[in-house]
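Coordinates from structure_19.csv are shown below (CSV, C-alpha atoms).
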chain,number,residue,atom,x,y,z
A,1,MET,CA,-107.1,-138.4,-241.0
A,2,ASN,CA,-103.8,-138.0,-239.2
A,3,PHE,CA,-104.2,-138.0,-235.4
A,4,ASP,CA,-100.4,-137.9,-234.7
A,5,LEU,CA,-99.6,-135.2,-232.2
A,6,PRO,CA,-97.2,-132.4,-233.1
A,7,GLU,CA,-93.9,-132.4,-231.3
A,8,ASP,CA,-94.7,-129.2,-229.3
A,9,VAL,CA,-97.9,-130.8,-228.1
A,10,ILE,CA,-96.1,-134.0,-227.1
A,11,ALA,CA,-93.6,-132.0,-225.2
A,12,LEU,CA,-96.4,-130.1,-223.4
A,13,ARG,CA,-98.2,-133.4,-222.7
A,14,ASP,CA,-95.2,-134.9,-221.1
A,15,VAL,CA,-94.6,-131.9,-218.8
A,16,VAL,CA,-98.3,-131.8,-217.8
A,17,ARG,CA,-98.4,-135.6,-217.2
A,18,GLU,CA,-95.4,-135.4,-214.9
A,19,PHE,CA,-96.9,-132.4,-213.0
A,20,ALA,CA,-100.3,-134.1,-212.6
A,21,ALA,CA,-98.8,-137.3,-211.3
A,22,GLU,CA,-96.4,-135.6,-208.9
A,23,GLU,CA,-98.3,-132.5,-207.7
A,24,LEU,CA,-102.0,-133.4,-208.1
A,25,ARG,CA,-102.4,-137.1,-207.5
A,26,PRO,CA,-100.9,-137.2,-204.0
A,27,HIS,CA,-103.4,-134.5,-202.8
A,28,SER,CA,-106.5,-135.2,-204.8
A,29,ARG,CA,-108.3,-137.1,-202.1
A,30,ASP,CA,-107.7,-134.5,-199.5
A,31,TRP,CA,-108.7,-131.6,-201.8
A,32,ASP,CA,-111.9,-133.5,-202.6
A,33,ARG,CA,-112.7,-134.1,-198.9
A,34,GLU,CA,-111.9,-130.5,-197.9
A,35,GLN,CA,-113.5,-129.0,-201.0
A,36,THR,CA,-110.5,-126.8,-201.6
A,37,LEU,CA,-107.9,-126.2,-204.3
A,38,PRO,CA,-104.8,-124.3,-203.0
A,39,ASP,CA,-103.9,-121.1,-204.8
A,40,ASP,CA,-100.3,-122.3,-205.5
A,41,VAL,CA,-101.7,-125.1,-207.7
A,42,VAL,CA,-103.4,-122.6,-209.9
A,43,THR,CA,-100.3,-120.5,-210.0
A,44,ARG,CA,-98.3,-123.5,-211.2
A,45,LEU,CA,-100.9,-124.2,-213.9
A,46,GLY,CA,-100.3,-120.7,-215.1
A,47,GLN,CA,-96.5,-121.2,-215.1
A,48,LEU,CA,-96.9,-124.3,-217.1
A,49,GLY,CA,-98.9,-122.4,-219.8
A,50,VAL,CA,-102.0,-124.6,-219.6
A,51,LEU,CA,-104.2,-121.6,-218.6
A,52,GLY,CA,-103.5,-120.1,-222.0
A,53,THR,CA,-103.3,-123.1,-224.3
A,54,THR,CA,-105.8,-121.7,-226.8
A,55,ILE,CA,-105.0,-118.0,-226.4
A,56,PRO,CA,-103.2,-116.7,-229.4
A,57,ALA,CA,-99.5,-115.9,-228.9
A,58,GLU,CA,-100.1,-112.2,-229.7
A,59,TYR,CA,-102.1,-112.0,-226.5
A,60,GLY,CA,-99.5,-113.8,-224.4
A,61,GLY,CA,-100.9,-117.3,-224.8
A,62,ALA,CA,-99.3,-120.6,-226.0
A,63,GLY,CA,-101.3,-120.4,-229.3
A,64,LEU,CA,-101.4,-124.2,-229.5
A,65,GLY,CA,-105.1,-124.5,-230.3
A,66,TYR,CA,-107.9,-126.9,-229.3
A,67,LEU,CA,-106.1,-130.2,-230.0
A,68,ALA,CA,-103.3,-129.3,-227.5
A,69,ASN,CA,-106.0,-128.3,-225.0
A,70,THR,CA,-107.7,-131.7,-225.2
A,71,VAL,CA,-104.3,-133.3,-224.5
A,72,VAL,CA,-103.8,-131.1,-221.5
A,73,MET,CA,-107.3,-131.6,-220.1
A,74,GLU,CA,-107.0,-135.4,-220.4
A,75,GLU,CA,-103.7,-135.5,-218.5
A,76,ILE,CA,-105.0,-133.3,-215.7
A,77,ALA,CA,-108.3,-135.1,-215.4
A,78,ARG,CA,-106.5,-138.4,-215.2
A,79,GLN,CA,-105.4,-137.4,-211.8
A,80,ASP,CA,-107.9,-134.7,-210.7
A,81,GLY,CA,-111.1,-133.9,-212.4
A,82,ALA,CA,-111.7,-130.8,-210.2
A,83,VAL,CA,-108.5,-129.2,-211.3
A,84,ALA,CA,-109.4,-129.9,-215.0
A,85,LEU,CA,-112.8,-128.3,-214.4
A,86,THR,CA,-111.1,-125.2,-213.0
A,87,ILE,CA,-109.2,-125.0,-216.3
A,88,ALA,CA,-112.3,-125.7,-218.4
A,89,ALA,CA,-114.3,-122.9,-216.8
A,90,HIS,CA,-111.4,-120.4,-217.1
A,91,LEU,CA,-110.2,-121.3,-220.6
A,92,GLY,CA,-113.1,-123.0,-222.2
A,93,LEU,CA,-115.8,-120.5,-221.2
A,94,CYS,CA,-114.5,-117.2,-220.0
A,95,VAL,CA,-111.4,-116.9,-222.2
A,96,THR,CA,-113.3,-118.4,-225.2
A,97,HIS,CA,-116.0,-115.8,-224.9
A,98,LEU,CA,-113.4,-113.1,-225.0
A,99,ILE,CA,-111.7,-114.7,-228.0
A,100,VAL,CA,-114.8,-115.1,-230.1
A,101,ALA,CA,-116.6,-111.8,-229.1
A,102,ALA,CA,-114.4,-109.2,-227.3
A,103,SER,CA,-113.1,-106.0,-228.8
A,104,GLU,CA,-109.4,-105.7,-229.5
A,105,ALA,CA,-109.0,-103.4,-226.5
A,106,GLN,CA,-110.7,-105.9,-224.2
A,107,LYS,CA,-108.6,-108.8,-225.5
A,108,ARG,CA,-105.4,-106.8,-225.0
A,109,THR,CA,-106.5,-105.9,-221.5
A,110,TRP,CA,-107.6,-109.3,-220.3
A,111,LEU,CA,-106.1,-112.2,-222.3
A,112,PRO,CA,-102.4,-111.7,-221.3
A,113,LYS,CA,-103.5,-111.7,-217.6
A,114,LEU,CA,-105.7,-114.8,-218.1
A,115,ALA,CA,-103.0,-116.6,-220.1
A,116,THR,CA,-100.6,-116.5,-217.1
A,117,GLY,CA,-103.1,-117.0,-214.4
A,118,GLU,CA,-102.5,-113.6,-213.0
A,119,VAL,CA,-106.3,-113.4,-213.3
A,120,ILE,CA,-108.7,-116.4,-213.3
A,121,GLY,CA,-111.8,-116.2,-215.3
A,122,ALA,CA,-115.4,-117.3,-214.8
A,123,TRP,CA,-118.5,-117.3,-217.0
A,124,GLY,CA,-122.1,-116.4,-215.9
A,125,LEU,CA,-124.9,-117.9,-218.1
A,126,THR,CA,-126.8,-120.3,-215.9
A,127,GLU,CA,-129.5,-119.0,-213.5
A,128,PRO,CA,-131.9,-120.5,-210.9
A,129,GLY,CA,-134.6,-120.8,-213.6
A,130,CYS,CA,-132.3,-121.0,-216.6
A,131,GLY,CA,-130.2,-124.1,-217.4
A,132,SER,CA,-130.7,-126.0,-220.6
A,133,ASP,CA,-133.1,-123.3,-221.7
A,134,ALA,CA,-130.3,-120.7,-221.8
A,135,ALA,CA,-132.5,-118.1,-223.5
A,136,ALA,CA,-134.8,-117.9,-220.4
A,137,LEU,CA,-132.4,-115.9,-218.3
A,138,LYS,CA,-133.8,-113.1,-216.2
A,139,THR,CA,-130.6,-111.1,-215.3
A,140,ARG,CA,-131.3,-107.6,-216.7
A,141,ALA,CA,-128.9,-104.9,-218.0
A,142,VAL,CA,-130.4,-101.4,-218.4
A,143,ARG,CA,-128.7,-98.4,-219.8
A,144,ASP,CA,-127.4,-95.8,-217.4
A,145,GLY,CA,-125.9,-92.8,-219.3
A,146,ASN,CA,-122.9,-94.2,-221.2
A,147,GLY,CA,-122.9,-97.4,-219.2
A,148,TRP,CA,-125.1,-100.1,-217.8
A,149,ARG,CA,-126.5,-101.4,-214.5
A,150,ILE,CA,-126.9,-105.1,-214.1
A,151,THR,CA,-129.3,-106.9,-211.7
A,152,GLY,CA,-129.9,-110.6,-211.3
A,153,HIS,CA,-128.6,-113.9,-210.0
A,154,LYS,CA,-126.2,-116.5,-211.7
A,155,GLN,CA,-126.1,-120.0,-210.4
A,156,PHE,CA,-123.6,-122.9,-210.5
A,157,ILE,CA,-120.7,-120.6,-211.5
A,158,THR,CA,-117.4,-122.5,-211.5
A,159,ASN,CA,-114.4,-120.5,-210.3
A,160,GLY,CA,-116.7,-118.0,-208.7
A,161,THR,CA,-114.7,-117.5,-205.5
A,162,ARG,CA,-111.4,-117.4,-207.3
A,163,ALA,CA,-112.1,-115.4,-210.5
A,164,GLY,CA,-111.0,-111.8,-211.0
A,165,VAL,CA,-113.1,-111.3,-214.1
A,166,PHE,CA,-116.5,-112.6,-215.2
A,167,VAL,CA,-118.3,-112.6,-218.5
A,168,ILE,CA,-122.0,-112.2,-217.6
A,169,THR,CA,-125.0,-112.6,-219.9
A,170,ALA,CA,-128.0,-110.4,-219.4
A,171,ILE,CA,-131.2,-109.3,-221.1
A,172,THR,CA,-130.9,-105.9,-222.7
A,173,GLU,CA,-134.2,-106.0,-224.7
A,174,PRO,CA,-136.7,-108.4,-223.1
A,175,GLU,CA,-139.2,-108.2,-225.9
A,176,LYS,CA,-136.7,-109.7,-228.3
A,177,LYS,CA,-136.1,-112.7,-226.0
A,178,ALA,CA,-133.0,-114.6,-227.1
A,179,LYS,CA,-132.2,-111.9,-229.7
A,180,GLY,CA,-132.2,-109.3,-226.9
A,181,ILE,CA,-129.3,-110.8,-224.8
A,182,SER,CA,-125.9,-109.2,-224.4
A,183,ALA,CA,-122.7,-110.1,-222.6
A,184,PHE,CA,-120.7,-107.9,-220.2
A,185,ILE,CA,-117.3,-108.0,-218.6
A,186,VAL,CA,-117.7,-107.6,-214.8
A,187,GLU,CA,-114.7,-107.3,-212.5
A,188,ARG,CA,-114.5,-108.8,-209.1
A,189,GLY,CA,-115.1,-106.1,-206.4
A,190,ALA,CA,-117.6,-104.1,-208.5
A,191,LYS,CA,-120.1,-102.3,-206.4
A,192,GLY,CA,-123.2,-104.4,-205.8
A,193,PHE,CA,-121.5,-107.6,-207.0
A,194,SER,CA,-121.3,-110.4,-204.4
A,195,ILE,CA,-120.4,-114.1,-204.3
A,196,GLY,CA,-122.3,-116.7,-202.5
A,197,ALA,CA,-121.2,-119.7,-200.5
A,198,LYS,CA,-119.8,-122.8,-202.2
A,199,GLU,CA,-122.2,-125.5,-203.3
A,200,ASP,CA,-121.8,-128.8,-201.5
A,201,LYS,CA,-121.5,-131.0,-204.6
A,202,LEU,CA,-121.5,-134.7,-205.3
A,203,GLY,CA,-118.3,-134.5,-207.3
A,204,MET,CA,-115.7,-132.0,-208.6
A,205,ARG,CA,-115.6,-130.9,-205.0
A,206,ALA,CA,-112.3,-129.2,-205.0
A,207,SER,CA,-113.6,-126.9,-207.8
A,208,ASP,CA,-115.6,-124.0,-206.3
A,209,THR,CA,-119.2,-123.5,-207.6
A,210,VAL,CA,-121.2,-120.6,-206.3
A,211,THR,CA,-124.1,-118.2,-206.9
A,212,LEU,CA,-123.4,-114.7,-208.1
A,213,VAL,CA,-125.6,-111.8,-207.0
A,214,LEU,CA,-125.7,-108.7,-209.1
A,215,ASP,CA,-127.5,-105.9,-207.3
A,216,ASP,CA,-127.7,-102.9,-209.6
A,217,VAL,CA,-124.0,-103.4,-210.6
A,218,PRO,CA,-122.7,-100.4,-212.6
A,219,VAL,CA,-120.4,-101.1,-215.6
A,220,LYS,CA,-119.0,-98.8,-218.2
A,221,GLY,CA,-120.1,-98.8,-221.8
A,222,ASP,CA,-116.9,-100.5,-222.9
A,223,ALA,CA,-117.8,-103.5,-220.7
A,224,LEU,CA,-120.1,-104.7,-223.4
A,225,CYS,CA,-118.5,-107.9,-224.7
A,226,GLY,CA,-119.4,-108.5,-228.3
A,227,GLU,CA,-122.1,-106.8,-230.3
A,228,TYR,CA,-125.2,-105.4,-228.6
A,229,ASN,CA,-127.9,-108.2,-228.4
A,230,SER,CA,-125.5,-110.8,-229.7
A,231,GLY,CA,-124.8,-112.4,-226.3
A,232,PHE,CA,-127.0,-115.5,-226.8
A,233,VAL,CA,-125.4,-116.3,-230.2
A,234,ASP,CA,-122.0,-115.8,-228.8
A,235,ALA,CA,-122.8,-118.0,-225.8
A,236,LEU,CA,-123.7,-120.8,-228.2
A,237,ARG,CA,-120.4,-120.4,-229.9
A,238,VAL,CA,-118.6,-120.6,-226.5
A,239,LEU,CA,-120.5,-123.7,-225.5
A,240,GLU,CA,-119.7,-125.5,-228.7
A,241,ARG,CA,-116.0,-125.0,-228.0
A,242,GLY,CA,-116.3,-125.7,-224.3
A,243,ARG,CA,-117.9,-129.1,-225.1
A,244,VAL,CA,-114.6,-130.3,-226.7
A,245,GLY,CA,-112.8,-129.5,-223.4
A,246,ILE,CA,-115.4,-131.3,-221.3
A,247,GLY,CA,-115.1,-134.3,-223.7
A,248,ALA,CA,-111.3,-134.4,-223.1
A,249,LEU,CA,-111.9,-134.0,-219.4
A,250,SER,CA,-114.2,-137.0,-219.6
A,251,VAL,CA,-111.6,-139.1,-221.5
A,252,GLY,CA,-109.1,-138.3,-218.7
A,253,LEU,CA,-111.5,-139.5,-216.0
A,254,ALA,CA,-112.4,-142.7,-217.9
A,255,ARG,CA,-108.7,-143.4,-218.6
A,256,GLY,CA,-107.9,-142.9,-214.9
A,257,ALA,CA,-110.6,-145.4,-214.0
A,258,LEU,CA,-109.4,-147.9,-216.5
A,259,GLU,CA,-105.7,-147.7,-215.5
A,260,GLU,CA,-106.5,-148.0,-211.8
A,261,ALA,CA,-108.8,-150.9,-212.4
A,262,ALA,CA,-106.4,-152.7,-214.6
A,263,ALA,CA,-103.6,-152.3,-212.1
A,264,TYR,CA,-105.8,-153.5,-209.2
A,265,ALA,CA,-107.0,-156.6,-211.2
A,266,GLN,CA,-103.4,-157.8,-211.6
A,267,GLN,CA,-102.8,-157.5,-207.8
A,268,ARG,CA,-106.0,-158.7,-206.3
A,269,LEU,CA,-106.1,-162.5,-205.7
A,270,ALA,CA,-109.3,-164.5,-205.7
A,271,PHE,CA,-109.7,-168.3,-206.0
A,272,GLY,CA,-105.9,-168.6,-206.0
A,273,LYS,CA,-105.1,-166.3,-208.9
A,274,PRO,CA,-105.2,-162.6,-209.9
A,275,ILE,CA,-108.8,-161.5,-210.8
A,276,ALA,CA,-107.3,-160.2,-214.1
A,277,GLU,CA,-107.3,-163.9,-215.2
A,278,GLN,CA,-111.1,-164.0,-214.8
A,279,GLN,CA,-112.8,-163.6,-218.1
A,280,ALA,CA,-115.6,-161.5,-216.5
A,281,ILE,CA,-113.0,-158.9,-215.4
A,282,GLN,CA,-111.2,-159.1,-218.7
A,283,PHE,CA,-114.4,-158.2,-220.5
A,284,LEU,CA,-115.1,-155.3,-218.3
A,285,LEU,CA,-111.6,-153.9,-218.9
A,286,ALA,CA,-111.8,-154.5,-222.6
A,287,ASP,CA,-115.1,-152.6,-222.9
A,288,ILE,CA,-113.7,-149.7,-220.9
A,289,ALA,CA,-110.6,-149.6,-223.0
A,290,THR,CA,-112.5,-149.6,-226.3
A,291,ARG,CA,-114.8,-146.8,-225.2
A,292,VAL,CA,-111.9,-144.7,-223.9
A,293,ASP,CA,-110.1,-145.0,-227.2
A,294,ALA,CA,-113.2,-144.2,-229.2
A,295,ALA,CA,-114.0,-141.2,-227.1
A,296,ARG,CA,-110.5,-139.9,-227.5
A,297,LEU,CA,-110.8,-140.1,-231.3
A,298,LEU,CA,-114.1,-138.3,-231.2
A,299,VAL,CA,-112.7,-135.5,-229.0
A,300,ARG,CA,-109.6,-135.0,-231.1
A,301,ASP,CA,-111.6,-135.0,-234.3
A,302,ALA,CA,-113.8,-132.2,-232.9
A,303,ALA,CA,-110.7,-130.3,-231.7
A,304,LEU,CA,-109.0,-130.6,-235.1
A,305,ALA,CA,-112.2,-129.3,-236.8
A,306,LEU,CA,-112.1,-126.2,-234.6
A,307,ASP,CA,-108.4,-125.7,-235.2
A,308,ARG,CA,-109.2,-125.7,-238.9
A,309,GLY,CA,-111.8,-123.0,-238.4
A,310,GLU,CA,-114.7,-125.4,-239.0
A,311,ALA,CA,-117.0,-124.2,-236.2
A,312,GLY,CA,-120.7,-124.8,-236.1
A,313,GLY,CA,-120.5,-128.6,-236.8
A,314,VAL,CA,-122.0,-131.4,-234.8
A,315,GLU,CA,-118.6,-132.9,-233.9
A,316,PRO,CA,-118.4,-131.3,-230.4
A,317,SER,CA,-121.8,-132.7,-229.5
A,318,TYR,CA,-120.7,-136.2,-230.6
A,319,ALA,CA,-117.6,-135.9,-228.6
A,320,LYS,CA,-119.1,-134.5,-225.4
A,321,LEU,CA,-122.1,-136.9,-225.4
A,322,PHE,CA,-120.1,-140.1,-225.9
A,323,ALA,CA,-117.1,-139.2,-223.8
A,324,SER,CA,-119.1,-138.0,-220.8
A,325,GLU,CA,-121.4,-141.0,-220.7
A,326,ILE,CA,-118.6,-143.6,-221.1
A,327,ALA,CA,-116.7,-141.8,-218.3
A,328,THR,CA,-119.5,-142.4,-215.9
A,329,ARG,CA,-119.8,-146.0,-217.1
A,330,ALA,CA,-116.0,-146.4,-216.7
A,331,GLY,CA,-116.2,-145.2,-213.1
A,332,LEU,CA,-119.0,-147.6,-212.3
A,333,ASP,CA,-117.3,-150.6,-213.9
A,334,ALA,CA,-114.0,-149.7,-212.2
A,335,ILE,CA,-115.8,-149.7,-208.8
A,336,GLN,CA,-117.3,-153.1,-209.7
A,337,ILE,CA,-113.8,-154.5,-210.4
A,338,PHE,CA,-112.5,-153.1,-207.1
A,339,GLY,CA,-115.5,-154.7,-205.3
A,340,GLY,CA,-115.9,-153.5,-201.7
A,341,TYR,CA,-112.8,-151.4,-201.8
A,342,GLY,CA,-114.2,-149.5,-204.8
A,343,TYR,CA,-117.1,-148.4,-202.6
A,344,THR,CA,-114.7,-146.7,-200.2
A,345,LYS,CA,-112.7,-143.4,-200.5
A,346,ASP,CA,-109.5,-145.3,-200.1
A,347,VAL,CA,-109.2,-145.6,-203.8
A,348,PRO,CA,-109.8,-143.0,-206.5
A,349,VAL,CA,-112.3,-144.8,-208.7
A,350,GLU,CA,-115.3,-143.7,-206.7
A,351,ARG,CA,-114.2,-140.1,-207.1
A,352,TYR,CA,-113.8,-140.6,-210.9
A,353,MET,CA,-117.4,-141.8,-211.0
A,354,ARG,CA,-118.6,-138.8,-209.0
A,355,ASP,CA,-116.6,-136.3,-211.0
A,356,ALA,CA,-117.7,-137.8,-214.4
A,357,LYS,CA,-121.4,-137.4,-213.7
A,358,LEU,CA,-121.1,-133.6,-214.0
A,359,CYS,CA,-119.7,-134.0,-217.5
A,360,GLU,CA,-123.1,-135.4,-218.5
A,361,ILE,CA,-124.8,-132.2,-217.3
A,362,GLY,CA,-122.5,-129.1,-217.8
A,363,GLU,CA,-122.0,-127.4,-221.2
A,364,GLY,CA,-125.3,-128.8,-222.3
A,365,SER,CA,-126.7,-132.0,-220.9
A,366,SER,CA,-126.7,-135.4,-222.7
A,367,GLN,CA,-130.3,-134.8,-223.7
A,368,VAL,CA,-129.4,-131.4,-225.2
A,369,GLN,CA,-126.6,-133.0,-227.2
A,370,ARG,CA,-129.0,-135.6,-228.6
A,371,ILE,CA,-131.3,-132.9,-229.6
A,372,LEU,CA,-128.5,-131.0,-231.4
A,373,ILE,CA,-127.3,-134.2,-233.1
A,374,ALA,CA,-130.8,-135.2,-234.2
A,375,ARG,CA,-131.5,-131.7,-235.6
A,376,ALA,CA,-128.2,-131.9,-237.6
A,377,LEU,CA,-129.1,-135.4,-238.9
A,378,LEU,CA,-132.7,-134.6,-239.9
A,379,TRP,CA,-132.5,-131.0,-241.0
A,380,GLY,CA,-128.8,-130.2,-241.5
Final structure tokens representation of the file:
Amino acid sequence: MNFDLPEDVIALRDVVREFAAEELRPHSRDWDREQTLPDDVVTRLGQLGVLGTTIPAEYGGAGLGYLANTVVMEEIARQDGAVALTIAAHLGLCVTHLIVAASEAQKRTWLPKLATGEVIGAWGLTEPGCGSDAAALKTRAVRDGNGWRITGHKQFITNGTRAGVFVITAITEPEKKAKGISAFIVERGAKGFSIGAKEDKLGMRASDTVTLVLDDVPVKGDALCGEYNSGFVDALRVLERGRVGIGALSVGLARGALEEAAAYAQQRLAFGKPIAEQQAIQFLLADIATRVDAARLLVRDAALALDRGEAGGVEPSYAKLFASEIATRAGLDAIQIFGGYGYTKDVPVERYMRDAKLCEIGEGSSQVQRILIARALLWG
């Protein structure tokens, strides 16, 4: 299999790499501490085209596909995982749901605005009692004339304070359980729609995560996104694609931890020589490097499968499971190499570790990925 990147993807990678190093890295620590991401950063992401990487050109996007998006996500996460998560929620969840399920009119209304960052998107699936068991959601949508009224709560919603449009899943026929779930497009400012305070998180702190409250929110009939009662199936399709982006984000964090640790090991002296000359340190670095390269190959293999139209395979679960777990391990090992300094916020490796842990939870936990892989192995 050929993993060489196309020239247009290489060009995008180089632009994003420079942007991330010059405009994200110097501020990442402050944004993490202050739990904020300035609006102008998101504006610049839109100008670079990274908010529309997978959006087809006919809707104003770059039309470069999933492989290009993994490259972008890795470069951004190398410097700031929270910024990468902002892109992942916007593009990998909200935009992806519109691409796989929305009507032509809905796509032409929203995708051009989402591609440029004029509007940021968010996705509402998780609820206080509904995480890995996605079919257990309680948010309800009932018919009201030609439209609907939606009532419920959504929890841990990334981009909640920033988004202008949300794709919200809700029960439309409770007796059908998972087969009675639909999705709706809800605009910011809708009557009865409110946004809670930011969660005080372990990592990804510059990325806002909130609770959404829908109190009898009225939406028009054309707000239904996808076929009636197909919301759960469409959500699974969205999560499959989102896992590839989270895998790439994980690779970026792991690579960042590796590069920081390798540079420090060549500078730090112990026993009269750089600690990089100690075999114990060399082994730690070698293990991280091997895992990072393996994770990148899994992620790009999954992305290429999606670009070929081969959805529904187990490759995204392989990629997301392995990449997320090695990212956390890379952060921990990098802290070990830094020693006492690694346990302070003066260096970025502790942030990489904190950020990486979320990747083992979101878009389906590691345990869920193992279930999906085992099912594919045992029953096809």
Fill in the blank from the handout: CA of Asp355 in chain A sits from CA of Val314 in chain A at a separation of 24.9 Å
Problem - Nearest-residue call for Gly189 in chain A, choices A:Val165, A:Ala170, A:Leu12, A:Ala311, using only C-alpha atoms - result: A:Val165
Problem - Interatomic distance (Å, one decimal) between CA of Thr53 in chain A and CA of Leu67 in chain A - result: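 These two atoms are separated by 9.5 Å.
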Practice task
In Å, rounded to a single decimal, give me how far CA of Thr109 in chain A is from CA of Leu85 in chain A.
Solution key: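 It comes out at 24.3 Å.
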Problem - Using all atoms listed in the file: which of A:Val219, A:Ala57, A:Leu51, A:Ala295 has the shortest distance to Gly117 in chain A - result: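 Closest to Gly117 in chain A, using all atoms listed in the file: A:Leu51.
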Practice task
Please provide the set of residues having any atom within 12 Å of Asp4 in chain A, restricted to all atoms listed in the file, with same-chain residues fewer than 3 positions apart removed, written as JSON, numbers by chain.
Solution key: {"A": [1, 7, 8, 9, 10, 67, 68, 71, 297, 300, 301, 304]}
Problem - Ser365 in chain A surroundings by all atoms listed in the file, 9 Å radius, close-in-sequence under 5 positions cut, as a ChimeraX atom specification - result: /A:132,321,359-360,370
Handout entry: Nearest candidate to Val349 in chain A (options A:Gln79, A:Gly312, A:Ala141, A:Pro128; using all atoms listed in the file)
Key = A:Gln79
Each residue of range 314-347 of chain A with at least one atom at most 9 Å from range 252-272 of chain A should appear once, together with its nearest atom pair and the corresponding distance in Å (one decimal); atoms considered: only C-alpha atoms; ordering: chain, then increasing residue number; output as CSV.
residue,atom,partner,partner_atom,distance
A:Ala323,CA,A:Ala254,CA,8.3
A:Ser324,CA,A:Ala254,CA,8.7
A:Ile326,CA,A:Ala254,CA,7.0
A:Ala327,CA,A:Ala254,CA,4.4
A:Thr328,CA,A:Ala254,CA,7.4
A:Arg329,CA,A:Ala254,CA,8.1
A:Ala330,CA,A:Ala254,CA,5.3
A:Gly331,CA,A:Ala257,CA,5.7
A:Leu332,CA,A:Ala257,CA,8.8
A:Asp333,CA,A:Ala257,CA,8.5
A:Ala334,CA,A:Ala261,CA,5.3
A:Ile335,CA,A:Ala261,CA,8.0
A:Ile337,CA,A:Ala261,CA,6.5
A:Phe338,CA,A:Ala261,CA,6.8
A:Val347,CA,A:Glu260,CA,8.8
Practice task
Quick one: everything within 8 Å of Val299 in chain A, counting all atoms listed in the file, minus sequence neighbours fewer than 6 positions away in the same chain. Send it as a PyMOL selection string.
Solution key: chain A and resi 70+244+247-248+316+319-320+323
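With only C-alpha atoms as the basis for measurement, A:Arg13 is the residue among A:Arg44, A:Arg291, A:His27, A:Arg13 that approaches Met73 in chain A most closely.
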Exercise for the section: Using only C-alpha atoms, pick whichever of A:Ser230, A:Ser250, A:Thr43, A:Thr161 has the shortest atom-to-atom distance to Ala122 in chain A. Expected result: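 Result for the nearest residue to Ala122 in chain A: A:Thr161.
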Practice task
Using only C-alpha atoms, pick whichever of A:Val16, A:Leu125, A:Leu48, A:Leu377 has the shortest atom-to-atom distance to Leu236 in chain A.
Solution key: A:Leu125
Exercise for the section: Find the residues near Leu239 in chain A: any atom within 9 Å, counting only C-alpha atoms, skip ones fewer than 5 places away on the same chain, and give them as number ranges by chain. Expected result: A: 92-93, 96, 234, 244, 363-364
As a compact mmCIF listing (two decimals), in the frame of the given file, the rebuilt range 290-302 of chain A with N, CA and C atoms:
# COMPACT_ATOMS: atom_id res chain seq x y z
N THR A 290 -111.97 -149.94 -224.94
CA THR A 290 -112.50 -149.60 -226.30
C THR A 290 -113.24 -148.31 -226.29
N ARG A 291 -114.04 -148.09 -225.26
CA ARG A 291 -114.80 -146.80 -225.20
C ARG A 291 -113.89 -145.63 -224.99
N VAL A 292 -112.86 -145.79 -224.18
CA VAL A 292 -111.90 -144.70 -223.90
C VAL A 292 -111.25 -144.29 -225.24
N ASP A 293 -110.79 -145.27 -225.99
CA ASP A 293 -110.10 -145.00 -227.20
C ASP A 293 -111.05 -144.32 -228.25
N ALA A 294 -112.26 -144.82 -228.33
CA ALA A 294 -113.20 -144.20 -229.20
C ALA A 294 -113.57 -142.80 -228.85
N ALA A 295 -113.73 -142.57 -227.55
CA ALA A 295 -114.00 -141.20 -227.10
C ALA A 295 -112.90 -140.26 -227.38
N ARG A 296 -111.67 -140.72 -227.18
CA ARG A 296 -110.50 -139.90 -227.50
C ARG A 296 -110.48 -139.46 -228.95
N LEU A 297 -110.78 -140.40 -229.83
CA LEU A 297 -110.80 -140.10 -231.30
C LEU A 297 -111.88 -139.08 -231.60
N LEU A 298 -113.05 -139.22 -231.01
CA LEU A 298 -114.10 -138.30 -231.20
C LEU A 298 -113.73 -136.86 -230.76
N VAL A 299 -113.12 -136.81 -229.58
CA VAL A 299 -112.70 -135.50 -229.00
C VAL A 299 -111.66 -134.87 -229.88
N ARG A 300 -110.67 -135.62 -230.29
CA ARG A 300 -109.60 -135.00 -231.10
C ARG A 300 -110.08 -134.65 -232.49
N ASP A 301 -111.01 -135.40 -233.02
CA ASP A 301 -111.60 -135.00 -234.30
C ASP A 301 -112.31 -133.70 -234.21
N ALA A 302 -113.07 -133.50 -233.14
CA ALA A 302 -113.80 -132.20 -232.90
C ALA A 302 -112.79 -131.10 -232.73
